[in-house]
Number of protein chains: 2
Amino acid sequence: MALPSAQHPNSASRAAPVRLDLSTPATELTAALVDLESVSGNEAAITDAVETALRRYPSLSVQRLGNVVVARTELGRSERVVLAGHLDTVPIAGNLPSTVVDGRLFGCGASDMKSGVALQLRAAHLVGSGALEPAVDLTWFFYDCEEIEAERNGLRRVAAEHPELLRADLAILLEATNGVVEGGCQGTMRAVVSLTGRRAHSARSWLGVNAIHLAAPVLRRLADYAPAVVDVEGLTYREGLNAVAISGGVAGNVIPDGCQITVNYRFAPDKSEAEAERQLRTVFDGFAVEIVDSAPAARPGLDQPLVRRAVAAFGGQVEAKLGWTDVARFSGLGIPALNFSPGDPNLAHRADESVDLALVERSERALLEFLTAQPA
Amino acid sequence: MALPSAQHPNSASRAAPVRLDLSTPATELTAALVDLESVSGNEAAITDAVETALRRYPSLSVQRLGNVVVARTELGRSERVVLAGHLDTVPIAGNLPSTVVDGRLFGCGASDMKSGVALQLRAAHLVGSGALEPAVDLTWFFYDCEEIEAERNGLRRVAAEHPELLRADLAILLEATNGVVEGGCQGTMRAVVSLTGRRAHSARSWLGVNAIHLAAPVLRRLADYAPAVVDVEGLTYREGLNAVAISGGVAGNVIPDGCQITVNYRFAPDKSEAEAERQLRTVFDGFAVEIVDSAPAARPGLDQPLVRRAVAAFGGQVEAKLGWTDVARFSGLGIPALNFSPGDPNLAHRADESVDLALVERSERALLEFLTAQPA
């Protein structure tokens with residue numbers, strides 16, 4: 001049955017504009033953001049809402065670059081801090097609209113990362129309305145397409161076209177960290193290991209070479225691989241090397257001449273991308289390896305004074321960030337960066353994604369404390 | 001660019017009917033059949049041409065059943081022989097129209113199996129016109145959809161709906177055998193071996209179980225498997241067990257929870273399908289195995305007097321048929337069956353498919369010799 005066009009699931013951008021009231025508590029703002037569906041590629045409506053809300057504060061300079069909104073203070077402070085977050089989510093999984101059960105808000109993006117975006121917007125409201133006097137200048141980034149291929153990431157595009165906008169002394173990514181600081185991030189590299197055989201009719205298999213059978217030692221190396229556990233600046237990064245896809249086969253009666261295994265290597269910030277590639281090529285020595293995708297790791301930068309101040313404000317506990325985040329983009333520009341938000345990284349991308357509303361409130365207080373903390 | 005509809009590649013069935021003259025030599029008839037494109041599912045035009053040509057002989061009773069043509073003599077002989085062949089081909093591969101180079105006819109279906117169909121039609125012409133007095137009654141089957149999924153095979157449908165039409169003392173399948181007799185055929189069974197893991201984010205791979213890694217021992221067993229070489233009635237059947245497809249993977253950042261390996265077991269006629277299944281389940285003991293497709297083997301039946309007469313007429317040499325053919329359908333009804341034609345099985349399904357025209361002539365003489373040979 002076709003849906004009436006007014007109910008088309010992708011029609012959000014054509015519906016009446018949604019108004020976000022940034023003066024509401026962070027918990028309610030999180031719910032409003034979750035209910036504003038924004039699966040990657042469909043961020044126009046939420047971006048419109050964020051832009052419109054921010055433009056109400058004359059003390060913030062607001063720019064729209066595609067589906068990226070950049071807001072800045074120009075208070076003449078000696079330090080500048082970035083608060084960055086993506087507006088998109090993974091596909092909804094029957095988990096909209098949001099619901100509250102036992103103090104947790106359930107819904108697509110609750111943890112990854114609309115509770116973080118709510119804290120960004122709350123800080124903008126308090127600073128923009130004059131209710132909060134920050135000790136640092138601030139730059140906000142709200143961007144699109146983080147959950148899909150790296151090429152489409154809105155922050156990547158802005159960094160390439162307007163690198164000066166990213167300049168800062170510290171970047172805080174409001175990615176899910178369960179209310180503690182997660183420092184740096186691991187790098188991620190994808191490679192395709194290809195096996196090449198020779199086709200033949202499967203009734204005369206000895207005339208061919210079965211490329212799928214040739215993959216046996218590749219899978220054995222993966223199954224036997226003991227990933228490194230690496231200490232960087234006192235944080236423990238646990239690596240991983242995994243097949244994420246395998247394909248091969250021509251027809252049900254043909255000995256296949258090709259088999260491809262896509263592997264994903266998550267590497268600690270003690271390694272550059274070049275070192276990670278060398279490690280991958282060592283593991284698969286003797287096989288054809290093509291690197292198809294790569295993003296660098298980021299060191300936690302815990303020796304930076306501004307990072308130390310943030311860690312103190314955020315409760316003092318620091319963990320290693322295992323997933324890749326856009327902290328690496330700032331780190332690559334020489335800008336210390338960390339992850340902090342009330343979202344639970346273990347619930348990201350799950351149908352039962354939720355966030356602890358009390359932790360949203362505590363994290364907001366910690367963020368505001370940091371923004372007003374004077375340098376020692 | 002869209003083609004004008006008159007040149008639509010599938011429009012053969014809408015073009016003017018093609019006339020087949022069965023009085024032309026077998027070599028020329030082969031070329032005419034090859035040039036009448038008949039990729040599986042598009043056999044209407046060639047079936048029309050065959051039906052029309054056969055209806056010119058009042059001594060043959062001709063039936064059309066879908067895209068299957070059945071012709072019969074009713075001479076009151078004590079024995080009946082089936083001459084059967086499929087009219088369809090695999091997809092054309094830039095190899096039409098046919099060309100003759102150094103005594104070989106090149107073109108899609110030249111070996112598999114329009115040279116065989118030409119011999120069927122030549123026998124029908126000579127018997128139908130009274131030029132040849134057969135020692136046996138004859139039944140011809142010309143059928144569709146042999147090269148695709150078993151379910152659509154025209155002979156399968158006729159065997160299910162009109163089993164009495166298949167009754168005979170010997171069936172000769174004019175499948176490619178390079179001018180020698182190939183006895184019986186191997187069976188073929190496809191099974192899916194499934195590995196089940198647990199999803200997780202690839203940055204936290206230890207929370208999941210990688211189903212692709214679990215496939216390592218399955219591929220190892222396949223790579224190490226030593227297929228049986230089986231003697232049946234003096235013929236050597238060489239088995240094969242091969243992966244023909246593998247797939248697994250959810251997304252580039254997800255530990256996959258499933259991996260499927262499709263294997264194809266070609267088994268000798270010393271085994272029933274049940275025995276073949278037991279063998280497969282033994283090989284993959286400990287893994288989830290689902291049988292998805294199966295066709296029985298056929299014994300060569302060389303002890304049957306009529307088979308012995310055919311072998312003598314066809315040159316005395318007998319090989320094992322390694323590929324599956326519709327001989328198994330007759331064998332399953334208790335009817336001895338063999339494969340014989342000038343086509344080269346090693347060239348079947350290849351872009352450079354061709355047939356030796358001198359062998360077409362020799363094979364025609366051998367077939368006619370058998371049809372007129374009196375029982376000893």
# chains A, B, ... in the order shown; residues from 1 in each chain; ligands from 1

call {"tool": "residues_around", "arguments": {"residues": "Arg309 (chain B)", "least_positions_apart": "5", "cutoff": "12 Å", "atoms": "only C-alpha atoms", "output": "PyMOL selection string"}}
result
chain B and resi 81+135+170+181+302-304+314-316+338+366-367+369-376

call {"tool": "interface_residues", "arguments": {"of": "chain A", "to": "chain B", "cutoff": "9 Å", "atoms": "only C-alpha atoms", "output": "PDB file with N, CA and C atoms, in the first residue's frame"}}
result
ATOM      1  N   GLN A 186      40.597   6.129  18.326  1.00  0.00           N
ATOM      2  CA  GLN A 186      41.363   5.181  17.522  1.00  0.00           C
ATOM      3  C   GLN A 186      41.177   5.509  16.041  1.00  0.00           C
ATOM      4  N   THR A 188      40.829   4.259  12.007  1.00  0.00           N
ATOM      5  CA  THR A 188      40.123   3.162  11.343  1.00  0.00           C
ATOM      6  C   THR A 188      40.592   3.078   9.908  1.00  0.00           C
ATOM      7  N   ARG A 190      40.139   0.557   6.343  1.00  0.00           N
ATOM      8  CA  ARG A 190      39.509  -0.584   5.686  1.00  0.00           C
ATOM      9  C   ARG A 190      40.362  -1.002   4.503  1.00  0.00           C
ATOM     10  N   HIS A 201      33.810 -25.148 -14.874  1.00  0.00           N
ATOM     11  CA  HIS A 201      32.509 -25.736 -14.538  1.00  0.00           C
ATOM     12  C   HIS A 201      32.694 -26.545 -13.262  1.00  0.00           C
ATOM     13  N   SER A 202      31.721 -26.461 -12.350  1.00  0.00           N
ATOM     14  CA  SER A 202      31.913 -27.148 -11.068  1.00  0.00           C
ATOM     15  C   SER A 202      31.842 -28.664 -11.204  1.00  0.00           C
ATOM     16  N   ALA A 203      31.393 -29.175 -12.353  1.00  0.00           N
ATOM     17  CA  ALA A 203      31.458 -30.623 -12.584  1.00  0.00           C
ATOM     18  C   ALA A 203      32.861 -31.060 -12.988  1.00  0.00           C
ATOM     19  N   ARG A 204      33.719 -30.120 -13.312  1.00  0.00           N
ATOM     20  CA  ARG A 204      35.112 -30.399 -13.671  1.00  0.00           C
ATOM     21  C   ARG A 204      35.997 -29.445 -12.880  1.00  0.00           C
ATOM     22  N   SER A 205      35.843 -29.506 -11.549  1.00  0.00           N
ATOM     23  CA  SER A 205      36.452 -28.475 -10.705  1.00  0.00           C
ATOM     24  C   SER A 205      37.971 -28.488 -10.762  1.00  0.00           C
ATOM     25  N   TRP A 206      38.580 -29.634 -11.086  1.00  0.00           N
ATOM     26  CA  TRP A 206      40.040 -29.714 -11.102  1.00  0.00           C
ATOM     27  C   TRP A 206      40.639 -28.887 -12.243  1.00  0.00           C
ATOM     28  N   ASN A 210      39.748 -22.618  -7.035  1.00  0.00           N
ATOM     29  CA  ASN A 210      38.640 -22.041  -6.275  1.00  0.00           C
ATOM     30  C   ASN A 210      39.116 -20.894  -5.376  1.00  0.00           C
ATOM     31  N   ALA A 211      38.740 -19.669  -5.763  1.00  0.00           N
ATOM     32  CA  ALA A 211      39.198 -18.484  -5.022  1.00  0.00           C
ATOM     33  C   ALA A 211      38.626 -18.433  -3.612  1.00  0.00           C
ATOM     34  N   ILE A 212      37.436 -18.998  -3.410  1.00  0.00           N
ATOM     35  CA  ILE A 212      36.865 -18.998  -2.044  1.00  0.00           C
ATOM     36  C   ILE A 212      37.678 -19.925  -1.141  1.00  0.00           C
ATOM     37  N   HIS A 213      38.098 -21.075  -1.683  1.00  0.00           N
ATOM     38  CA  HIS A 213      38.948 -21.963  -0.880  1.00  0.00           C
ATOM     39  C   HIS A 213      40.276 -21.271  -0.531  1.00  0.00           C
ATOM     40  N   LEU A 214      40.776 -20.444  -1.461  1.00  0.00           N
ATOM     41  CA  LEU A 214      42.044 -19.742  -1.211  1.00  0.00           C
ATOM     42  C   LEU A 214      41.934 -18.769  -0.033  1.00  0.00           C
ATOM     43  N   ALA A 215      40.686 -18.417   0.318  1.00  0.00           N
ATOM     44  CA  ALA A 215      40.497 -17.467   1.426  1.00  0.00           C
ATOM     45  C   ALA A 215      40.676 -18.126   2.793  1.00  0.00           C
ATOM     46  N   ALA A 216      40.780 -19.456   2.845  1.00  0.00           N
ATOM     47  CA  ALA A 216      40.877 -20.142   4.147  1.00  0.00           C
ATOM     48  C   ALA A 216      42.013 -19.585   5.015  1.00  0.00           C
ATOM     49  N   PRO A 217      43.236 -19.445   4.481  1.00  0.00           N
ATOM     50  CA  PRO A 217      44.308 -18.937   5.363  1.00  0.00           C
ATOM     51  C   PRO A 217      44.115 -17.479   5.771  1.00  0.00           C
ATOM     52  N   VAL A 218      43.419 -16.687   4.954  1.00  0.00           N
ATOM     53  CA  VAL A 218      43.152 -15.285   5.320  1.00  0.00           C
ATOM     54  C   VAL A 218      42.225 -15.248   6.535  1.00  0.00           C
ATOM     55  N   LEU A 219      41.161 -16.054   6.479  1.00  0.00           N
ATOM     56  CA  LEU A 219      40.234 -16.090   7.621  1.00  0.00           C
ATOM     57  C   LEU A 219      40.920 -16.686   8.854  1.00  0.00           C
ATOM     58  N   ARG A 220      41.804 -17.649   8.617  1.00  0.00           N
ATOM     59  CA  ARG A 220      42.532 -18.239   9.754  1.00  0.00           C
ATOM     60  C   ARG A 220      43.383 -17.166  10.437  1.00  0.00           C
ATOM     61  N   ARG A 221      44.086 -16.357   9.639  1.00  0.00           N
ATOM     62  CA  ARG A 221      44.909 -15.295  10.251  1.00  0.00           C
ATOM     63  C   ARG A 221      44.039 -14.315  11.029  1.00  0.00           C
ATOM     64  N   LEU A 222      42.865 -13.989  10.484  1.00  0.00           N
ATOM     65  CA  LEU A 222      41.958 -13.080  11.196  1.00  0.00           C
ATOM     66  C   LEU A 222      41.473 -13.708  12.500  1.00  0.00           C
ATOM     67  N   ALA A 223      41.086 -14.991  12.418  1.00  0.00           N
ATOM     68  CA  ALA A 223      40.557 -15.654  13.610  1.00  0.00           C
ATOM     69  C   ALA A 223      41.629 -15.773  14.688  1.00  0.00           C
ATOM     70  N   ASP A 224      42.890 -15.947  14.255  1.00  0.00           N
ATOM     71  CA  ASP A 224      43.983 -16.143  15.218  1.00  0.00           C
ATOM     72  C   ASP A 224      44.598 -14.827  15.689  1.00  0.00           C
ATOM     73  N   ARG A 238      42.258  -0.427  22.967  1.00  0.00           N
ATOM     74  CA  ARG A 238      42.174  -1.840  22.597  1.00  0.00           C
ATOM     75  C   ARG A 238      41.888  -1.904  21.103  1.00  0.00           C
ATOM     76  N   GLU A 239      42.837  -2.437  20.360  1.00  0.00           N
ATOM     77  CA  GLU A 239      42.677  -2.474  18.899  1.00  0.00           C
ATOM     78  C   GLU A 239      41.758  -3.614  18.464  1.00  0.00           C
ATOM     79  N   GLY A 240      41.457  -3.649  17.182  1.00  0.00           N
ATOM     80  CA  GLY A 240      40.654  -4.739  16.623  1.00  0.00           C
ATOM     81  C   GLY A 240      40.933  -4.880  15.144  1.00  0.00           C
ATOM     82  N   LEU A 241      40.955  -6.120  14.688  1.00  0.00           N
ATOM     83  CA  LEU A 241      41.133  -6.380  13.250  1.00  0.00           C
ATOM     84  C   LEU A 241      40.082  -7.406  12.862  1.00  0.00           C
ATOM     85  N   ASN A 242      39.149  -6.994  12.012  1.00  0.00           N
ATOM     86  CA  ASN A 242      38.008  -7.848  11.725  1.00  0.00           C
ATOM     87  C   ASN A 242      37.603  -7.826  10.266  1.00  0.00           C
ATOM     88  N   ALA A 243      37.186  -8.976   9.773  1.00  0.00           N
ATOM     89  CA  ALA A 243      36.467  -9.009   8.505  1.00  0.00           C
ATOM     90  C   ALA A 243      35.110  -8.363   8.750  1.00  0.00           C
ATOM     91  N   VAL A 244      34.734  -7.424   7.883  1.00  0.00           N
ATOM     92  CA  VAL A 244      33.388  -6.837   7.981  1.00  0.00           C
ATOM     93  C   VAL A 244      32.539  -7.223   6.773  1.00  0.00           C
ATOM     94  N   ALA A 245      33.160  -7.824   5.769  1.00  0.00           N
ATOM     95  CA  ALA A 245      32.391  -8.307   4.615  1.00  0.00           C
ATOM     96  C   ALA A 245      33.209  -9.348   3.879  1.00  0.00           C
ATOM     97  N   ILE A 246      32.496 -10.288   3.265  1.00  0.00           N
ATOM     98  CA  ILE A 246      33.158 -11.254   2.384  1.00  0.00           C
ATOM     99  C   ILE A 246      32.203 -11.531   1.239  1.00  0.00           C
ATOM    100  N   SER A 247      32.742 -11.664   0.036  1.00  0.00           N
ATOM    101  CA  SER A 247      31.891 -12.006  -1.098  1.00  0.00           C
ATOM    102  C   SER A 247      32.706 -12.769  -2.118  1.00  0.00           C
ATOM    103  N   GLY A 248      32.011 -13.651  -2.803  1.00  0.00           N
ATOM    104  CA  GLY A 248      32.642 -14.430  -3.860  1.00  0.00           C
ATOM    105  C   GLY A 248      31.601 -15.320  -4.482  1.00  0.00           C
ATOM    106  N   GLY A 249      31.811 -15.690  -5.742  1.00  0.00           N
ATOM    107  CA  GLY A 249      30.881 -16.589  -6.400  1.00  0.00           C
ATOM    108  C   GLY A 249      30.401 -16.025  -7.705  1.00  0.00           C
ATOM    109  N   VAL A 250      30.224 -16.921  -8.691  1.00  0.00           N
ATOM    110  CA  VAL A 250      29.809 -16.534 -10.038  1.00  0.00           C
ATOM    111  C   VAL A 250      28.421 -17.093 -10.307  1.00  0.00           C
ATOM    112  N   ALA A 251      28.269 -18.381 -10.132  1.00  0.00           N
ATOM    113  CA  ALA A 251      26.994 -19.060 -10.347  1.00  0.00           C
ATOM    114  C   ALA A 251      27.079 -20.380  -9.609  1.00  0.00           C
ATOM    115  N   GLY A 252      25.911 -21.016  -9.444  1.00  0.00           N
ATOM    116  CA  GLY A 252      25.847 -22.229  -8.649  1.00  0.00           C
ATOM    117  C   GLY A 252      26.607 -23.405  -9.229  1.00  0.00           C
ATOM    118  N   ASN A 253      27.033 -23.290 -10.498  1.00  0.00           N
ATOM    119  CA  ASN A 253      27.755 -24.397 -11.140  1.00  0.00           C
ATOM    120  C   ASN A 253      29.113 -23.959 -11.673  1.00  0.00           C
ATOM    121  N   VAL A 254      29.671 -22.909 -11.075  1.00  0.00           N
ATOM    122  CA  VAL A 254      30.950 -22.374 -11.561  1.00  0.00           C
ATOM    123  C   VAL A 254      31.939 -22.275 -10.401  1.00  0.00           C
ATOM    124  N   ILE A 255      33.159 -22.767 -10.622  1.00  0.00           N
ATOM    125  CA  ILE A 255      34.234 -22.571  -9.652  1.00  0.00           C
ATOM    126  C   ILE A 255      34.588 -21.085  -9.679  1.00  0.00           C
ATOM    127  N   PRO A 256      34.453 -20.401  -8.531  1.00  0.00           N
ATOM    128  CA  PRO A 256      34.629 -18.937  -8.540  1.00  0.00           C
ATOM    129  C   PRO A 256      36.092 -18.536  -8.703  1.00  0.00           C
ATOM    130  N   CYS A 259      37.397 -13.821  -4.821  1.00  0.00           N
ATOM    131  CA  CYS A 259      36.814 -13.712  -3.486  1.00  0.00           C
ATOM    132  C   CYS A 259      37.444 -12.487  -2.827  1.00  0.00           C
ATOM    133  N   THR A 262      36.689  -7.786   3.012  1.00  0.00           N
ATOM    134  CA  THR A 262      36.923  -6.429   3.507  1.00  0.00           C
ATOM    135  C   THR A 262      37.220  -6.511   4.989  1.00  0.00           C
ATOM    136  N   VAL A 263      38.360  -5.970   5.387  1.00  0.00           N
ATOM    137  CA  VAL A 263      38.735  -5.993   6.797  1.00  0.00           C
ATOM    138  C   VAL A 263      38.755  -4.567   7.331  1.00  0.00           C
ATOM    139  N   ASN A 264      38.467  -4.442   8.598  1.00  0.00           N
ATOM    140  CA  ASN A 264      38.481  -3.137   9.268  1.00  0.00           C
ATOM    141  C   ASN A 264      39.475  -3.215  10.412  1.00  0.00           C
ATOM    142  N   TYR A 265      40.487  -2.363  10.351  1.00  0.00           N
ATOM    143  CA  TYR A 265      41.504  -2.318  11.400  1.00  0.00           C
ATOM    144  C   TYR A 265      41.274  -1.055  12.221  1.00  0.00           C
ATOM    145  N   ARG A 266      41.011  -1.227  13.508  1.00  0.00           N
ATOM    146  CA  ARG A 266      40.894  -0.108  14.437  1.00  0.00           C
ATOM    147  C   ARG A 266      42.210  -0.018  15.181  1.00  0.00           C
ATOM    148  N   LEU A 322      37.336   4.562  21.781  1.00  0.00           N
ATOM    149  CA  LEU A 322      37.691   3.438  20.908  1.00  0.00           C
ATOM    150  C   LEU A 322      37.136   3.622  19.498  1.00  0.00           C
ATOM    151  N   GLY A 323      35.950   4.191  19.398  1.00  0.00           N
ATOM    152  CA  GLY A 323      35.409   4.458  18.065  1.00  0.00           C
ATOM    153  C   GLY A 323      36.069   5.676  17.465  1.00  0.00           C
ATOM    154  N   TRP A 324      36.041   5.768  16.125  1.00  0.00           N
ATOM    155  CA  TRP A 324      36.575   6.955  15.477  1.00  0.00           C
ATOM    156  C   TRP A 324      35.559   8.068  15.617  1.00  0.00           C
ATOM    157  N   ASN A 346      27.564   2.454  24.192  1.00  0.00           N
ATOM    158  CA  ASN A 346      27.166   1.057  23.984  1.00  0.00           C
ATOM    159  C   ASN A 346      25.740   0.922  23.468  1.00  0.00           C
ATOM    160  N   HIS A 349      23.261   3.284  17.854  1.00  0.00           N
ATOM    161  CA  HIS A 349      22.911   2.482  16.675  1.00  0.00           C
ATOM    162  C   HIS A 349      22.031   1.295  17.028  1.00  0.00           C
TER     163      HIS A 349
END

call {"tool": "select_by_dssp", "arguments": {"residues": "region 122-289 of chain A", "states": "strand (DSSP E or B)", "output": "number ranges by chain"}}
result
A: 137-143, 170-173, 181-183, 185, 187-196, 198, 200-201, 209, 229-232, 235-238, 240-249, 254-255, 258-267, 288-289

call {"tool": "atom_distance", "arguments": {"atom1": "CA of Arg278 (chain A)", "atom2": "CA of Arg199 (chain B)"}}
result
27.7 Å

call {"tool": "closest_residue", "arguments": {"among": "A:Ala118, A:Val192, A:Val39, A:Val127", "to": "Leu280 (chain A)", "atoms": "only C-alpha atoms"}}
result
A:Val192

call {"tool": "atom_distance", "arguments": {"atom1": "CA of Asp137 (chain B)", "atom2": "CA of Ile172 (chain B)"}}
result
13.2 Å

call {"tool": "decode", "arguments": {"residues": "region 168-189 of chain A", "atoms": "N, CA, C and O atoms", "output": "PDB file, in the first residue's frame"}}
result
ATOM      1  N   ALA A 168      41.041  26.701  16.929  1.00  0.00           N
ATOM      2  CA  ALA A 168      40.634  26.779  18.341  1.00  0.00           C
ATOM      3  C   ALA A 168      41.764  26.233  19.197  1.00  0.00           C
ATOM      4  O   ALA A 168      42.773  25.737  18.672  1.00  0.00           O
ATOM      5  N   ASP A 169      41.608  26.337  20.506  1.00  0.00           N
ATOM      6  CA  ASP A 169      42.606  25.806  21.434  1.00  0.00           C
ATOM      7  C   ASP A 169      42.188  24.446  21.985  1.00  0.00           C
ATOM      8  O   ASP A 169      42.990  23.726  22.565  1.00  0.00           O
ATOM      9  N   LEU A 170      40.909  24.145  21.837  1.00  0.00           N
ATOM     10  CA  LEU A 170      40.392  22.837  22.270  1.00  0.00           C
ATOM     11  C   LEU A 170      39.081  22.601  21.522  1.00  0.00           C
ATOM     12  O   LEU A 170      38.298  23.538  21.341  1.00  0.00           O
ATOM     13  N   ALA A 171      38.886  21.359  21.087  1.00  0.00           N
ATOM     14  CA  ALA A 171      37.592  21.000  20.496  1.00  0.00           C
ATOM     15  C   ALA A 171      36.951  19.927  21.364  1.00  0.00           C
ATOM     16  O   ALA A 171      37.607  18.946  21.738  1.00  0.00           O
ATOM     17  N   ILE A 172      35.689  20.161  21.715  1.00  0.00           N
ATOM     18  CA  ILE A 172      34.927  19.152  22.461  1.00  0.00           C
ATOM     19  C   ILE A 172      33.882  18.590  21.512  1.00  0.00           C
ATOM     20  O   ILE A 172      33.032  19.327  21.001  1.00  0.00           O
ATOM     21  N   LEU A 173      33.988  17.294  21.230  1.00  0.00           N
ATOM     22  CA  LEU A 173      32.968  16.603  20.432  1.00  0.00           C
ATOM     23  C   LEU A 173      31.958  16.040  21.408  1.00  0.00           C
ATOM     24  O   LEU A 173      32.331  15.292  22.320  1.00  0.00           O
ATOM     25  N   LEU A 174      30.695  16.389  21.208  1.00  0.00           N
ATOM     26  CA  LEU A 174      29.662  15.946  22.140  1.00  0.00           C
ATOM     27  C   LEU A 174      29.183  14.540  21.769  1.00  0.00           C
ATOM     28  O   LEU A 174      27.994  14.240  21.801  1.00  0.00           O
ATOM     29  N   GLU A 175      30.138  13.678  21.399  1.00  0.00           N
ATOM     30  CA  GLU A 175      29.829  12.281  21.088  1.00  0.00           C
ATOM     31  C   GLU A 175      29.631  11.507  22.385  1.00  0.00           C
ATOM     32  O   GLU A 175      30.210  11.854  23.425  1.00  0.00           O
ATOM     33  N   ALA A 176      28.862  10.423  22.279  1.00  0.00           N
ATOM     34  CA  ALA A 176      28.482   9.645  23.453  1.00  0.00           C
ATOM     35  C   ALA A 176      29.692   9.123  24.229  1.00  0.00           C
ATOM     36  O   ALA A 176      30.554   8.435  23.665  1.00  0.00           O
ATOM     37  N   THR A 177      29.760   9.459  25.516  1.00  0.00           N
ATOM     38  CA  THR A 177      30.852   8.977  26.382  1.00  0.00           C
ATOM     39  C   THR A 177      30.350   8.573  27.762  1.00  0.00           C
ATOM     40  O   THR A 177      31.160   8.337  28.656  1.00  0.00           O
ATOM     41  N   ASN A 178      29.043   8.565  27.952  1.00  0.00           N
ATOM     42  CA  ASN A 178      28.486   8.179  29.254  1.00  0.00           C
ATOM     43  C   ASN A 178      28.902   9.129  30.364  1.00  0.00           C
ATOM     44  O   ASN A 178      29.084   8.710  31.515  1.00  0.00           O
ATOM     45  N   GLY A 179      29.091  10.390  30.022  1.00  0.00           N
ATOM     46  CA  GLY A 179      29.333  11.399  31.040  1.00  0.00           C
ATOM     47  C   GLY A 179      30.751  11.477  31.553  1.00  0.00           C
ATOM     48  O   GLY A 179      31.008  12.169  32.539  1.00  0.00           O
ATOM     49  N   VAL A 180      31.672  10.733  30.934  1.00  0.00           N
ATOM     50  CA  VAL A 180      33.084  10.888  31.303  1.00  0.00           C
ATOM     51  C   VAL A 180      33.814  11.425  30.079  1.00  0.00           C
ATOM     52  O   VAL A 180      33.258  11.497  28.990  1.00  0.00           O
ATOM     53  N   VAL A 181      35.076  11.825  30.257  1.00  0.00           N
ATOM     54  CA  VAL A 181      35.864  12.267  29.112  1.00  0.00           C
ATOM     55  C   VAL A 181      36.440  11.038  28.420  1.00  0.00           C
ATOM     56  O   VAL A 181      36.963  10.132  29.078  1.00  0.00           O
ATOM     57  N   GLU A 182      36.262  10.990  27.103  1.00  0.00           N
ATOM     58  CA  GLU A 182      36.984   9.977  26.341  1.00  0.00           C
ATOM     59  C   GLU A 182      37.999  10.709  25.481  1.00  0.00           C
ATOM     60  O   GLU A 182      37.655  11.587  24.686  1.00  0.00           O
ATOM     61  N   GLY A 183      39.263  10.331  25.669  1.00  0.00           N
ATOM     62  CA  GLY A 183      40.360  11.085  25.065  1.00  0.00           C
ATOM     63  C   GLY A 183      40.756  10.529  23.720  1.00  0.00           C
ATOM     64  O   GLY A 183      40.820   9.322  23.527  1.00  0.00           O
ATOM     65  N   GLY A 184      41.047  11.439  22.777  1.00  0.00           N
ATOM     66  CA  GLY A 184      41.518  11.044  21.452  1.00  0.00           C
ATOM     67  C   GLY A 184      40.522  10.138  20.771  1.00  0.00           C
ATOM     68  O   GLY A 184      39.314  10.174  21.050  1.00  0.00           O
ATOM     69  N   CYS A 185      41.018   9.322  19.874  1.00  0.00           N
ATOM     70  CA  CYS A 185      40.183   8.265  19.283  1.00  0.00           C
ATOM     71  C   CYS A 185      41.094   7.334  18.518  1.00  0.00           C
ATOM     72  O   CYS A 185      42.205   7.694  18.152  1.00  0.00           O
ATOM     73  N   GLN A 186      40.597   6.129  18.326  1.00  0.00           N
ATOM     74  CA  GLN A 186      41.363   5.181  17.522  1.00  0.00           C
ATOM     75  C   GLN A 186      41.177   5.509  16.041  1.00  0.00           C
ATOM     76  O   GLN A 186      40.166   6.071  15.633  1.00  0.00           O
ATOM     77  N   GLY A 187      42.157   5.153  15.249  1.00  0.00           N
ATOM     78  CA  GLY A 187      42.028   5.287  13.800  1.00  0.00           C
ATOM     79  C   GLY A 187      41.279   4.112  13.228  1.00  0.00           C
ATOM     80  O   GLY A 187      41.069   3.094  13.903  1.00  0.00           O
ATOM     81  N   THR A 188      40.829   4.259  12.007  1.00  0.00           N
ATOM     82  CA  THR A 188      40.123   3.162  11.343  1.00  0.00           C
ATOM     83  C   THR A 188      40.592   3.078   9.908  1.00  0.00           C
ATOM     84  O   THR A 188      40.730   4.094   9.221  1.00  0.00           O
ATOM     85  N   MET A 189      40.873   1.858   9.489  1.00  0.00           N
ATOM     86  CA  MET A 189      41.351   1.627   8.127  1.00  0.00           C
ATOM     87  C   MET A 189      40.609   0.420   7.577  1.00  0.00           C
ATOM     88  O   MET A 189      40.446  -0.578   8.269  1.00  0.00           O
TER      89      MET A 189
END
